[in-house]
file start16.txt (compact mmCIF, C-alpha atoms)
# COMPACT_ATOMS: atom_id res chain seq x y z
CA MET U 161 -4.22 30.92 16.71
CA SER U 162 -2.34 32.90 14.09
CA ARG U 163 0.40 31.11 12.21
CA THR U 164 3.84 32.45 11.42
CA VAL U 165 5.16 32.63 7.91
CA GLN U 166 6.87 29.40 6.93
CA GLY U 167 10.59 29.59 6.60
CA SER U 168 11.24 31.95 9.53
CA ALA U 169 13.00 29.14 11.38
CA PRO U 170 13.36 25.41 10.93
CA ALA U 171 11.43 24.70 14.10
CA SER U 172 8.44 26.81 13.22
CA ALA U 173 8.39 25.67 9.63
CA HIS U 174 7.86 22.10 10.52
CA GLY U 175 6.59 22.11 14.03
CA VAL U 176 9.53 20.05 15.25
CA PRO U 177 11.31 21.26 18.39
CA ALA U 178 15.01 21.80 17.97
CA GLY U 179 16.99 18.66 18.60
CA THR U 180 13.99 16.34 18.21
CA SER U 181 14.65 13.34 15.94
CA ILE U 182 11.81 11.93 13.87
CA LEU U 183 13.17 8.48 14.78
CA HIS U 184 12.21 8.90 18.45
CA GLN U 185 8.62 7.70 18.22
CA PRO U 186 6.27 5.64 20.39
CA LYS U 187 6.10 1.92 19.59
CA ALA U 188 2.52 2.35 18.36
CA VAL U 189 3.71 4.76 15.67
CA TRP U 190 6.32 2.28 14.47
CA ALA U 191 3.74 -0.51 14.42
CA VAL U 192 1.42 1.53 12.20
CA ALA U 193 4.35 2.69 10.03
CA PHE U 194 5.47 -0.93 9.57
CA ALA U 195 1.97 -1.93 8.51
CA CYS U 196 1.96 1.06 6.14
CA VAL U 197 5.10 -0.25 4.46
CA ILE U 198 3.35 -3.55 3.82
CA ALA U 199 0.12 -1.88 2.70
CA PHE U 200 1.93 0.27 0.17
CA MET U 201 3.81 -2.76 -1.08
CA GLY U 202 0.43 -3.85 -2.45
CA ILE U 203 0.41 -0.91 -4.90
CA GLY U 204 3.60 -1.88 -6.71
CA LEU U 205 3.55 -5.60 -5.96
CA VAL U 206 1.68 -6.51 -9.16
CA ASP U 207 3.79 -4.21 -11.35
CA PRO U 208 6.48 -6.76 -12.33
CA ILE U 209 3.93 -9.54 -12.92
CA LEU U 210 1.52 -7.66 -15.18
CA PRO U 211 3.06 -9.06 -18.40
CA ALA U 212 3.15 -12.56 -16.86
CA ILE U 213 -0.52 -12.39 -15.83
CA ALA U 214 -1.46 -11.14 -19.29
CA ALA U 215 0.41 -14.03 -20.93
CA ASP U 216 -0.69 -16.79 -18.55
CA LEU U 217 -4.36 -15.82 -18.41
CA ALA U 218 -4.65 -14.71 -22.06
CA ALA U 219 -5.58 -11.17 -21.01
CA THR U 220 -5.04 -7.95 -22.96
CA PRO U 221 -2.83 -5.20 -21.48
CA THR U 222 -5.95 -3.09 -20.82
CA GLU U 223 -7.64 -5.98 -18.98
CA THR U 224 -4.51 -6.50 -16.93
CA GLU U 225 -4.28 -2.81 -16.08
CA MET U 226 -7.73 -3.15 -14.52
CA LEU U 227 -5.93 -4.80 -11.58
CA PHE U 228 -4.79 -1.28 -10.75
CA THR U 229 -8.07 0.38 -11.66
CA SER U 230 -10.39 -1.82 -9.58
CA TYR U 231 -8.02 -1.53 -6.62
CA LEU U 232 -7.64 2.26 -6.85
CA LEU U 233 -11.28 2.96 -7.77
CA ILE U 234 -12.66 1.16 -4.73
CA THR U 235 -9.90 2.61 -2.56
CA GLY U 236 -10.85 6.10 -3.70
CA ILE U 237 -14.60 5.68 -3.22
CA ALA U 238 -14.21 4.01 0.17
CA MET U 239 -11.83 6.74 1.36
CA PHE U 240 -14.76 9.16 1.55
CA PHE U 241 -16.39 7.02 4.24
CA THR U 242 -13.45 5.87 6.34
CA SER U 243 -13.50 8.89 8.68
CA TRP U 244 -17.21 8.26 9.39
CA LEU U 245 -16.48 4.63 10.28
CA SER U 246 -13.28 5.20 12.27
CA SER U 247 -14.92 7.96 14.33
CA ARG U 248 -17.52 5.42 15.48
CA ILE U 249 -15.58 2.22 15.99
CA GLY U 250 -12.14 3.71 16.72
CA ALA U 251 -8.89 3.86 14.77
CA LYS U 252 -7.51 0.53 15.96
CA ARG U 253 -10.57 -1.48 14.95
CA THR U 254 -10.68 0.28 11.57
CA LEU U 255 -7.00 -0.49 10.95
CA LEU U 256 -7.48 -4.15 11.86
CA ILE U 257 -10.59 -4.57 9.69
CA GLY U 258 -8.67 -3.08 6.77
CA LEU U 259 -5.69 -5.37 7.27
CA ALA U 260 -7.94 -8.44 7.62
CA LEU U 261 -9.73 -7.62 4.35
CA ILE U 262 -6.41 -7.26 2.54
CA VAL U 263 -5.23 -10.65 3.81
CA VAL U 264 -8.44 -12.37 2.65
CA PHE U 265 -8.60 -10.77 -0.79
CA ALA U 266 -4.87 -11.11 -1.49
CA LEU U 267 -5.14 -14.84 -0.81
CA ALA U 268 -8.23 -15.06 -3.03
CA ALA U 269 -6.42 -13.23 -5.86
CA GLY U 270 -3.53 -15.67 -5.63
CA LEU U 271 -5.94 -18.59 -5.98
CA SER U 272 -7.81 -17.12 -8.97
CA GLN U 273 -8.01 -18.88 -12.32
CA ASP U 274 -8.92 -15.93 -14.57
CA VAL U 275 -8.14 -12.24 -14.81
CA GLU U 276 -11.76 -11.20 -14.12
CA SER U 277 -11.61 -12.85 -10.69
CA ILE U 278 -8.33 -11.13 -9.86
CA ILE U 279 -9.83 -7.78 -10.86
CA GLY U 280 -12.74 -8.39 -8.49
CA PHE U 281 -10.56 -9.51 -5.61
CA ARG U 282 -8.27 -6.52 -6.12
CA ALA U 283 -11.37 -4.36 -5.64
CA GLY U 284 -11.93 -6.02 -2.25
CA TRP U 285 -8.25 -5.48 -1.52
CA GLY U 286 -8.81 -1.80 -2.30
CA LEU U 287 -11.61 -1.60 0.28
CA GLY U 288 -9.29 -2.93 2.97
CA ASN U 289 -6.56 -0.61 1.76
CA ALA U 290 -8.85 2.42 2.10
CA LEU U 291 -9.83 1.55 5.66
CA PHE U 292 -6.21 1.10 6.60
CA ILE U 293 -4.38 3.89 4.76
CA SER U 294 -6.67 6.81 5.60
CA THR U 295 -6.87 5.80 9.26
CA ALA U 296 -3.13 5.10 9.44
CA LEU U 297 -2.21 8.61 8.29
CA ALA U 298 -4.47 10.21 10.90
CA THR U 299 -3.18 7.80 13.59
CA ILE U 300 0.47 8.54 12.87
CA VAL U 301 -0.11 12.31 12.73
CA GLY U 302 -2.00 12.17 16.03
CA ALA U 303 0.47 9.95 17.91
CA ALA U 304 3.89 10.88 16.53
CA ALA U 305 6.41 12.96 18.45
CA GLY U 306 7.85 16.02 16.76
CA GLY U 307 4.80 17.58 15.11
CA THR U 308 2.73 17.08 11.98
CA SER U 309 5.57 17.32 9.48
CA SER U 310 7.69 14.70 11.26
CA ALA U 311 4.71 12.35 11.23
CA ILE U 312 4.07 12.94 7.55
CA ILE U 313 7.73 12.36 6.71
CA LEU U 314 7.47 9.01 8.50
CA TYR U 315 4.28 8.21 6.62
CA GLU U 316 5.77 9.15 3.25
CA ALA U 317 8.94 7.21 4.07
CA ALA U 318 6.76 4.17 4.73
CA LEU U 319 5.00 4.82 1.42
CA GLY U 320 8.29 5.07 -0.45
CA LEU U 321 9.80 2.04 1.25
CA GLY U 322 6.66 0.00 0.59
CA ILE U 323 6.50 1.05 -3.04
CA ALA U 324 10.21 0.22 -3.40
CA ILE U 325 10.05 -3.20 -1.75
CA GLY U 326 6.75 -4.14 -3.41
CA PRO U 327 8.09 -4.41 -6.98
CA LEU U 328 11.30 -6.09 -5.80
CA LEU U 329 9.40 -8.71 -3.81
CA GLY U 330 6.88 -9.00 -6.63
CA GLY U 331 9.69 -9.59 -9.10
CA LEU U 332 11.45 -12.20 -6.98
CA LEU U 333 8.29 -14.13 -6.12
CA GLY U 334 6.89 -13.54 -9.59
CA SER U 335 9.90 -15.22 -11.15
CA ILE U 336 8.58 -18.42 -9.56
CA SER U 337 4.89 -17.81 -10.25
CA TRP U 338 2.69 -14.75 -10.73
CA ARG U 339 0.65 -16.07 -7.79
CA GLY U 340 3.61 -15.76 -5.41
CA PRO U 341 3.38 -11.99 -4.83
CA PHE U 342 -0.28 -12.27 -3.80
CA PHE U 343 0.48 -14.99 -1.24
CA GLY U 344 3.53 -13.06 -0.02
CA SER U 345 1.49 -9.90 0.46
CA ALA U 346 -1.19 -11.79 2.42
CA THR U 347 1.46 -13.23 4.72
CA LEU U 348 3.10 -9.87 5.38
CA MET U 349 -0.23 -8.20 6.02
CA ALA U 350 -1.01 -10.87 8.59
CA VAL U 351 2.27 -9.91 10.31
CA GLY U 352 1.18 -6.25 10.21
CA PHE U 353 -2.15 -7.23 11.76
CA ILE U 354 -0.34 -8.90 14.67
CA ALA U 355 1.95 -5.87 15.10
CA ILE U 356 -1.04 -3.53 15.41
CA VAL U 357 -2.77 -5.84 17.91
CA VAL U 358 0.33 -6.12 20.09
CA LEU U 359 1.82 -2.61 19.90
CA LEU U 360 -1.14 -0.27 19.44
CA LYS U 361 -2.34 -0.68 23.02
CA THR U 362 -4.91 2.09 23.31
CA GLU U 363 -7.41 3.83 21.08
CA GLY U 364 -6.36 7.25 22.34
CA PRO U 365 -8.99 9.93 23.04
CA LYS U 366 -12.50 8.92 22.07
CA PRO U 367 -13.13 10.39 18.60
CA VAL U 368 -16.00 12.76 17.94
CA PRO U 369 -18.33 11.04 15.44
CA THR U 370 -18.20 12.74 12.05
CA ARG U 371 -21.03 13.07 9.60
CA LEU U 372 -21.18 10.79 6.58
CA SER U 373 -21.13 13.89 4.40
CA ALA U 374 -18.09 15.44 6.13
CA PRO U 375 -15.44 14.54 3.49
CA PHE U 376 -17.67 15.77 0.67
CA ARG U 377 -18.36 19.02 2.51
CA ALA U 378 -14.65 19.32 3.21
CA LEU U 379 -13.92 19.48 -0.52
CA ALA U 380 -15.98 22.68 -0.66
CA ARG U 381 -13.28 24.34 1.44
CA PRO U 382 -11.14 26.14 -1.19
CA GLY U 383 -7.74 25.13 0.15
CA LEU U 384 -8.53 21.43 0.43
CA GLY U 385 -10.55 21.38 -2.79
CA ILE U 386 -7.70 22.92 -4.78
CA LEU U 387 -5.14 20.47 -3.40
CA ALA U 388 -7.45 17.51 -4.06
CA ALA U 389 -8.10 18.62 -7.66
CA ALA U 390 -4.36 19.07 -8.25
CA ALA U 391 -3.68 15.64 -6.74
CA LEU U 392 -6.21 14.01 -9.09
CA PHE U 393 -4.32 15.20 -12.18
CA TYR U 394 -0.93 14.64 -10.56
CA ASN U 395 -1.84 11.06 -9.71
CA ILE U 396 -2.62 10.37 -13.37
CA GLY U 397 1.04 11.09 -14.09
CA PHE U 398 2.11 9.01 -11.08
CA PHE U 399 0.24 5.90 -12.17
CA VAL U 400 1.05 6.14 -15.86
CA LEU U 401 4.70 5.98 -14.82
CA LEU U 402 4.05 3.11 -12.41
CA ALA U 403 1.47 1.00 -14.24
CA TYR U 404 2.05 1.60 -17.96
CA THR U 405 5.87 1.61 -18.07
CA PRO U 406 6.18 -2.19 -17.54
CA PHE U 407 4.38 -2.75 -20.85
CA ALA U 408 6.59 -0.14 -22.55
CA LEU U 409 9.69 -1.96 -21.26
CA VAL U 410 8.65 -5.42 -22.55
CA PRO U 411 9.62 -4.74 -26.22
CA LEU U 412 12.97 -3.43 -24.97
CA GLY U 413 13.94 -6.76 -23.40
CA LEU U 414 13.16 -5.71 -19.83
CA GLY U 415 9.86 -7.52 -19.40
CA SER U 416 10.86 -10.27 -16.96
CA ALA U 417 9.49 -10.12 -13.43
CA VAL U 418 12.98 -9.76 -11.95
CA SER U 419 14.02 -6.99 -14.37
CA LEU U 420 10.86 -4.99 -13.76
CA GLY U 421 11.17 -5.59 -10.03
CA LEU U 422 14.67 -4.12 -9.99
CA VAL U 423 13.67 -1.12 -12.12
CA PHE U 424 10.78 -0.21 -9.86
CA PHE U 425 12.75 -0.97 -6.73
CA GLY U 426 15.07 1.82 -7.85
CA TRP U 427 12.06 4.02 -8.53
CA GLY U 428 10.55 3.43 -5.10
CA LEU U 429 13.88 3.82 -3.32
CA SER U 430 14.37 7.17 -5.06
CA LEU U 431 10.88 8.19 -3.95
CA ALA U 432 11.64 7.24 -0.34
CA ILE U 433 14.93 9.15 -0.27
CA THR U 434 13.47 12.42 -1.50
CA SER U 435 10.40 12.04 0.72
CA VAL U 436 12.55 11.89 3.84
CA TRP U 437 15.47 14.18 3.05
CA VAL U 438 14.87 16.42 0.05
CA ALA U 439 11.26 17.49 0.69
CA PRO U 440 12.01 18.86 4.21
CA LEU U 441 15.11 20.61 2.88
CA LEU U 442 13.07 22.40 0.23
CA THR U 443 10.17 23.35 2.50
CA ARG U 444 12.59 24.88 5.01
CA ARG U 445 13.71 27.27 2.29
CA MET U 446 10.47 28.08 0.49
CA ARG U 447 6.75 27.78 0.92
CA ARG U 448 5.08 24.50 0.08
CA SER U 449 3.16 25.94 -2.86
CA ARG U 450 6.43 27.23 -4.31
CA VAL U 451 7.94 23.76 -4.05
CA LEU U 452 4.98 22.46 -6.03
CA TRP U 453 5.49 25.23 -8.61
CA LEU U 454 9.10 24.10 -8.97
CA VAL U 455 8.77 20.30 -9.02
CA LEU U 456 5.53 19.72 -10.97
CA PRO U 457 7.00 21.16 -14.21
CA LEU U 458 10.08 18.98 -13.73
CA LEU U 459 7.84 15.90 -13.47
CA ALA U 460 6.00 16.95 -16.65
CA LEU U 461 9.36 17.28 -18.43
CA ASP U 462 10.43 13.87 -17.16
CA LEU U 463 7.25 12.26 -18.50
CA ALA U 464 7.75 14.02 -21.84
CA ALA U 465 11.32 12.71 -21.92
CA ALA U 466 9.99 9.19 -21.28
CA GLY U 467 7.80 9.62 -24.36
CA VAL U 468 10.75 10.76 -26.46
CA LEU U 469 12.99 7.93 -25.15
CA VAL U 470 10.33 5.20 -25.22
CA GLY U 471 12.46 3.18 -27.66
CA SER U 472 15.53 3.20 -25.40
CA GLY U 473 15.72 0.85 -22.43
CA VAL U 474 18.41 2.88 -20.68
CA GLY U 475 16.62 6.16 -21.37
CA LEU U 476 13.24 4.93 -20.17
CA VAL U 477 14.68 3.41 -16.99
CA ALA U 478 16.50 6.68 -16.28
CA CYS U 479 13.19 8.56 -16.62
CA VAL U 480 11.56 6.12 -14.20
CA ILE U 481 14.28 6.70 -11.58
CA VAL U 482 14.22 10.49 -12.01
CA GLY U 483 10.43 10.34 -11.79
CA GLY U 484 10.74 8.58 -8.44
CA LEU U 485 12.95 11.36 -7.11
CA LEU U 486 10.41 14.01 -8.12
CA LEU U 487 7.38 12.05 -6.91
CA GLY U 488 8.90 11.67 -3.44
CA VAL U 489 9.06 15.44 -3.02
CA LEU U 490 5.57 15.99 -4.41
CA ASN U 491 3.93 13.29 -2.28
CA THR U 492 5.34 14.68 0.95
CA VAL U 493 4.65 18.34 0.18
CA LEU U 494 1.08 17.67 -1.00
CA THR U 495 0.30 15.59 2.08
CA GLU U 496 1.79 18.21 4.41
CA SER U 497 -0.24 20.89 2.65
CA VAL U 498 -3.48 18.94 3.06
CA MET U 499 -2.89 18.35 6.77
CA GLU U 500 -2.28 22.07 7.33
CA ALA U 501 -4.77 23.52 4.83
CA THR U 502 -7.81 23.56 7.17
CA ASP U 503 -8.88 23.17 10.78
CA LEU U 504 -10.97 20.15 9.85
CA PRO U 505 -10.26 16.90 11.72
CA ARG U 506 -7.26 15.29 10.07
CA SER U 507 -9.14 12.06 9.42
CA VAL U 508 -11.77 14.02 7.45
CA ALA U 509 -9.17 15.97 5.47
CA SER U 510 -7.24 12.78 4.75
CA SER U 511 -10.37 10.91 3.62
CA ALA U 512 -11.50 13.68 1.28
CA TYR U 513 -8.08 14.29 -0.27
CA SER U 514 -7.16 10.63 -0.60
CA GLY U 515 -10.51 9.74 -2.14
CA VAL U 516 -10.05 12.21 -4.98
CA ARG U 517 -6.37 11.36 -5.37
CA PHE U 518 -6.93 7.63 -5.79
CA LEU U 519 -9.72 8.21 -8.31
CA GLY U 520 -7.14 9.96 -10.48
CA GLY U 521 -4.91 6.92 -10.16
CA ALA U 522 -7.77 4.63 -11.17
CA ILE U 523 -8.23 6.45 -14.47
CA ALA U 524 -4.62 6.31 -15.58
CA PRO U 525 -3.63 2.63 -16.19
CA PRO U 526 -6.35 1.54 -18.66
CA ALA U 527 -6.40 4.97 -20.29
CA ALA U 528 -2.66 4.64 -20.92
CA THR U 529 -2.91 1.28 -22.68
CA LEU U 530 -5.90 2.46 -24.75
CA LEU U 531 -3.92 5.52 -25.86
CA ALA U 532 -0.99 3.29 -26.77
CA ASP U 533 -3.27 1.04 -28.83
CA GLN U 534 -4.88 3.97 -30.66
CA PHE U 535 -1.73 6.04 -31.22
CA THR U 536 1.86 5.16 -30.24
CA SER U 537 3.63 3.74 -27.20
CA ALA U 538 4.87 7.26 -26.41
CA THR U 539 1.41 8.87 -26.28
CA PRO U 540 0.56 7.84 -22.68
CA PHE U 541 3.68 9.56 -21.38
CA PHE U 542 2.91 12.80 -23.23
CA ALA U 543 -0.69 12.70 -21.96
CA ALA U 544 0.57 12.09 -18.41
CA GLY U 545 2.91 15.08 -18.69
CA ALA U 546 0.00 17.25 -19.84
CA SER U 547 -2.06 16.05 -16.87
CA VAL U 548 0.72 17.07 -14.47
CA LEU U 549 0.75 20.53 -16.07
CA VAL U 550 -2.98 20.77 -15.38
CA ALA U 551 -2.19 20.00 -11.72
CA LEU U 552 0.35 22.84 -11.77
CA LEU U 553 -2.22 25.20 -13.28
CA VAL U 554 -4.71 24.34 -10.52
CA ILE U 555 -2.11 25.13 -7.84
CA VAL U 556 -1.06 28.41 -9.49
CA LEU U 557 -4.61 29.65 -10.05
CA GLY U 558 -5.63 28.66 -6.52
CA ARG U 559 -2.55 30.06 -4.80
CA HIS U 560 -4.53 32.69 -2.85
CA HIS U 561 -6.42 29.91 -1.05
CA LEU U 562 -3.25 28.08 0.01
CA ALA U 563 -1.94 30.59 2.56
CA ARG U 564 -2.79 28.34 5.48
CA ALA U 565 -1.18 25.32 3.81
CA ASP U 566 1.93 27.47 3.36
CA GLY U 567 1.92 28.45 7.03
CA ALA U 568 1.17 32.11 6.28
CA VAL U 569 -0.76 34.38 8.65
CA GLU U 570 -4.51 33.93 8.34
CA ASP U 571 -7.18 36.54 8.59
CA SER U 572 -8.90 36.20 11.97
CA LEU U 573 -12.36 35.93 10.39
CA GLU U 574 -11.18 33.19 8.04
CA GLU U 575 -9.64 31.38 11.01
CA ALA U 576 -12.91 31.58 12.98
CA GLU U 577 -14.87 30.27 9.99
CA ALA U 578 -12.39 27.39 9.60
CA ILE U 579 -12.80 26.41 13.24
CA GLY U 580 -16.58 26.60 12.99
CA ALA U 581 -16.63 24.41 9.89
CA GLY U 582 -14.31 21.91 11.53
CA ASP U 583 -16.62 21.60 14.54
CA SER U 584 -19.79 21.22 12.49

call {"tool": "encode", "arguments": {"input": "start16.txt", "output": "structure tokens"}}
result
Amino acid sequence: MSRTVQGSAPASAHGVPAGTSILHQPKAVWAVAFACVIAFMGIGLVDPILPAIAADLAATPTETEMLFTSYLLITGIAMFFTSWLSSRIGAKRTLLIGLALIVVFALAAGLSQDVESIIGFRAGWGLGNALFISTALATIVGAAAGGTSSAIILYEAALGLGIAIGPLLGGLLGSISWRGPFFGSATLMAVGFIAIVVLLKTEGPKPVPTRLSAPFRALARPGLGILAAAALFYNIGFFVLLAYTPFALVPLGLGSAVSLGLVFFGWGLSLAITSVWVAPLLTRRMRRSRVLWLVLPLLALDLAAAGVLVGSGVGLVACVIVGGLLLGVLNTVLTESVMEATDLPRSVASSAYSGVRFLGGAIAPPAATLLADQFTSATPFFAAGASVLVALLVIVLGRHHLARADGAVEDSLEEAEAIGAGDS
């Protein structure tokens, strides 16, 4: 079960047979990918309407940012338990329960009369999101043709497309009413629910039930623990750029729902492009950890530039778009690394990693507005850049534990221990 060094050939680097297109996938994979697009739309959907919600419901920016925090906090906590649930009731049922919860809570958020209610319903939305996203990644990786990397590229493309369309749809519907994006998301998720019911015909092999403690024990594995810790700090940078920037753009005359929707459509589209095309190009030429060494400092510089250019609309928008390009590479490479870092079941690895990652995202939005209130509007961007540098430091210091994630040859004893831990 030894692994060759990544980069020896395109086929071995990514596990994709020569001539195989990532577009040639079973219908079930496309059904789950389509639902992923809609699920990830929910992350950026509220971005363009944050100022409108704050104005209409007399909420402070920090209160409004809690729409992200409640959503991401519950998503992160619930992620630790999704593998336990899906291994008992099956992937399809878990996906459908998650989608159903999102539909219910998105509708409830759209009908809310105060910001506190929306915060609570976004938490319920986050629970559904956790059940869906973690299970969807494992389902796509398990069912896709062309190997793990092809599946992850599809998953990250869905993420990028969803994050791109979310703000655009949120901006268009939000120009009518801030309630519109919530109702639109509920409708689209209902369509995703139907697609899963119709196209995901079978459950696949019966899963082996995992322990409730499995994701927590998984984080004790050095490779996965290092990647999760890096993702926590990286995601702080990610969500400062996504959630705080709309408030920074308001004083610059770019605070309308449509304007913000277009800005973050460009951001998400950039993320999707580099997820699909640039990340594989880089990982064919260097190890995954080296890609992280290269791109994380660039993201930190981009966030620092956003702080310097916070008074310029053109400059800040340019930093948002460049940030999207860098985030697309990082998302794909980090996810690939996690899926290859251990011999643990992919659903367990995904749950553990995603749980920590989303907790990082939950911290960022309210912390950013509090920093802006206490210091200057540029401070959140500088703090986010520093957080990304911490993520880089974690990767560099833990590089000796990332050999498997890089595709390097493993020691036979380490391999045997990995298999034993994965079976326990």

call {"tool": "closest_residue", "arguments": {"input": "start16.txt", "among": "U:Arg450, U:Arg282, U:Arg339, U:Arg248", "to": "Tyr231 of chain U", "atoms": "only C-alpha atoms"}}
result
U:Arg282

call {"tool": "closest_residue", "arguments": {"input": "start16.txt", "among": "U:Val423, U:Ile203, U:Val192, U:Leu359", "to": "Ala311 of chain U", "atoms": "all atoms listed in the file"}}
result
U:Val192

call {"tool": "closest_residue", "arguments": {"input": "start16.txt", "among": "U:Pro540, U:Gly320, U:Gly236, U:Gly567", "to": "Gly428 of chain U", "atoms": "only C-alpha atoms"}}
result
U:Gly320

call {"tool": "residues_around", "arguments": {"input": "start16.txt", "residues": "Val438 of chain U", "least_positions_apart": "3", "cutoff": "9 Å", "atoms": "all atoms listed in the file", "output": "MDAnalysis selection string"}}
result
chainID U and resid 433:435 441:443 485 488:489

call {"tool": "write_last_selection", "arguments": {"input": "start16.txt", "atoms": "C-alpha atoms", "output": "CSV table (one decimal), keeping the file's coordinate frame"}}
result
chain,number,residue,atom,x,y,z
U,433,ILE,CA,14.9,9.2,-0.3
U,434,THR,CA,13.5,12.4,-1.5
U,435,SER,CA,10.4,12.0,0.7
U,441,LEU,CA,15.1,20.6,2.9
U,442,LEU,CA,13.1,22.4,0.2
U,443,THR,CA,10.2,23.4,2.5
U,485,LEU,CA,13.0,11.4,-7.1
U,488,GLY,CA,8.9,11.7,-3.4
U,489,VAL,CA,9.1,15.4,-3.0

call {"tool": "atom_distance", "arguments": {"input": "start16.txt", "atom1": "atom CA of Leu422 of chain U", "atom2": "atom CA of Pro457 of chain U"}}
result
26.8 Å

call {"tool": "residues_around", "arguments": {"input": "start16.txt", "residues": "Gly270 of chain U", "least_positions_apart": "5", "cutoff": "10 Å", "atoms": "all atoms listed in the file", "output": "PyMOL selection string"}}
result
chain U and resi 265+277-278+281+337-346

call {"tool": "residues_near_point", "arguments": {"input": "start16.txt", "point": "(10.4, -10.0, -8.5)", "cutoff": "12 Å", "atoms": "all atoms listed in the file", "output": "VMD selection string"}}
result
chain U and resid 204 to 210 212 324 to 342 344 415 to 425

call {"tool": "residues_around", "arguments": {"input": "start16.txt", "residues": "Ala219 of chain U", "least_positions_apart": "2", "cutoff": "12 Å", "atoms": "all atoms listed in the file", "output": "PDB file with C-alpha atoms, in the coordinates of the input"}}
result
ATOM      1  CA  LEU U 210       1.520  -7.660 -15.180  1.00  0.00           C
ATOM      2  CA  PRO U 211       3.060  -9.060 -18.400  1.00  0.00           C
ATOM      3  CA  ALA U 212       3.150 -12.560 -16.860  1.00  0.00           C
ATOM      4  CA  ILE U 213      -0.520 -12.390 -15.830  1.00  0.00           C
ATOM      5  CA  ALA U 214      -1.460 -11.140 -19.290  1.00  0.00           C
ATOM      6  CA  ALA U 215       0.410 -14.030 -20.930  1.00  0.00           C
ATOM      7  CA  ASP U 216      -0.690 -16.790 -18.550  1.00  0.00           C
ATOM      8  CA  LEU U 217      -4.360 -15.820 -18.410  1.00  0.00           C
ATOM      9  CA  PRO U 221      -2.830  -5.200 -21.480  1.00  0.00           C
ATOM     10  CA  THR U 222      -5.950  -3.090 -20.820  1.00  0.00           C
ATOM     11  CA  GLU U 223      -7.640  -5.980 -18.980  1.00  0.00           C
ATOM     12  CA  THR U 224      -4.510  -6.500 -16.930  1.00  0.00           C
ATOM     13  CA  GLU U 225      -4.280  -2.810 -16.080  1.00  0.00           C
ATOM     14  CA  MET U 226      -7.730  -3.150 -14.520  1.00  0.00           C
ATOM     15  CA  LEU U 227      -5.930  -4.800 -11.580  1.00  0.00           C
ATOM     16  CA  GLN U 273      -8.010 -18.880 -12.320  1.00  0.00           C
ATOM     17  CA  ASP U 274      -8.920 -15.930 -14.570  1.00  0.00           C
ATOM     18  CA  VAL U 275      -8.140 -12.240 -14.810  1.00  0.00           C
ATOM     19  CA  GLU U 276     -11.760 -11.200 -14.120  1.00  0.00           C
ATOM     20  CA  ILE U 278      -8.330 -11.130  -9.860  1.00  0.00           C
ATOM     21  CA  ILE U 279      -9.830  -7.780 -10.860  1.00  0.00           C
TER      22      ILE U 279
END

call {"tool": "residues_around", "arguments": {"input": "start16.txt", "residues": "segment 465-480 of chain U", "least_positions_apart": "6", "cutoff": "8 Å", "atoms": "all atoms listed in the file", "output": "list in words"}}
result
Leu401, Ala408, Leu409, Leu412, Gly413, Leu414, Val423, Phe424, Trp427, Ser537, Ala538, Thr539, Pro540, Phe541 and Phe542 of chain U

call {"tool": "closest_residue", "arguments": {"input": "start16.txt", "among": "U:Gly426, U:Ser510, U:Gly484, U:Gly385", "to": "Ile300 of chain U", "atoms": "only C-alpha atoms"}}
result
U:Ser510

call {"tool": "closest_residue", "arguments": {"input": "start16.txt", "among": "U:Ala218, U:Met239, U:Ala304, U:Ile257", "to": "Pro186 of chain U", "atoms": "only C-alpha atoms"}}
result
U:Ala304

call {"tool": "residues_near_point", "arguments": {"input": "start16.txt", "point": "(-7.7, -12.3, 5.1)", "cutoff": "10 Å", "atoms": "only C-alpha atoms", "output": "list in words"}}
result
Ile257, Gly258, Leu259, Ala260, Leu261, Ile262, Val263, Val264, Phe265, Ala266, Leu267, Ala268, Trp285, Gly288, Ala346, Thr347, Met349 and Ala350 of chain U

call {"tool": "write_last_selection", "arguments": {"input": "start16.txt", "atoms": "C-alpha atoms", "output": "short mmCIF file (atom, residue, chain, number, x, y, z; two decimals), keeping the file's coordinate frame"}}
result
data_model
loop_
_atom_site.label_atom_id
_atom_site.label_comp_id
_atom_site.auth_asym_id
_atom_site.auth_seq_id
_atom_site.Cartn_x
_atom_site.Cartn_y
_atom_site.Cartn_z
CA ILE U 257 -10.59 -4.57 9.69
CA GLY U 258 -8.67 -3.08 6.77
CA LEU U 259 -5.69 -5.37 7.27
CA ALA U 260 -7.94 -8.44 7.62
CA LEU U 261 -9.73 -7.62 4.35
CA ILE U 262 -6.41 -7.26 2.54
CA VAL U 263 -5.23 -10.65 3.81
CA VAL U 264 -8.44 -12.37 2.65
CA PHE U 265 -8.60 -10.77 -0.79
CA ALA U 266 -4.87 -11.11 -1.49
CA LEU U 267 -5.14 -14.84 -0.81
CA ALA U 268 -8.23 -15.06 -3.03
CA TRP U 285 -8.25 -5.48 -1.52
CA GLY U 288 -9.29 -2.93 2.97
CA ALA U 346 -1.19 -11.79 2.42
CA THR U 347 1.46 -13.23 4.72
CA MET U 349 -0.23 -8.20 6.02
CA ALA U 350 -1.01 -10.87 8.59
#

call {"tool": "atom_distance", "arguments": {"input": "start16.txt", "atom1": "atom CA of Pro440 of chain U", "atom2": "atom CA of Asn491 of chain U"}}
result
11.8 Å

call {"tool": "atom_distance", "arguments": {"input": "start16.txt", "atom1": "atom CA of Ile312 of chain U", "atom2": "atom CA of Trp437 of chain U"}}
result
12.3 Å

call {"tool": "closest_residue", "arguments": {"input": "start16.txt", "among": "U:Ala283, U:Trp453, U:Phe240, U:Asn289", "to": "Gly202 of chain U", "atoms": "all atoms listed in the file"}}
result
U:Asn289
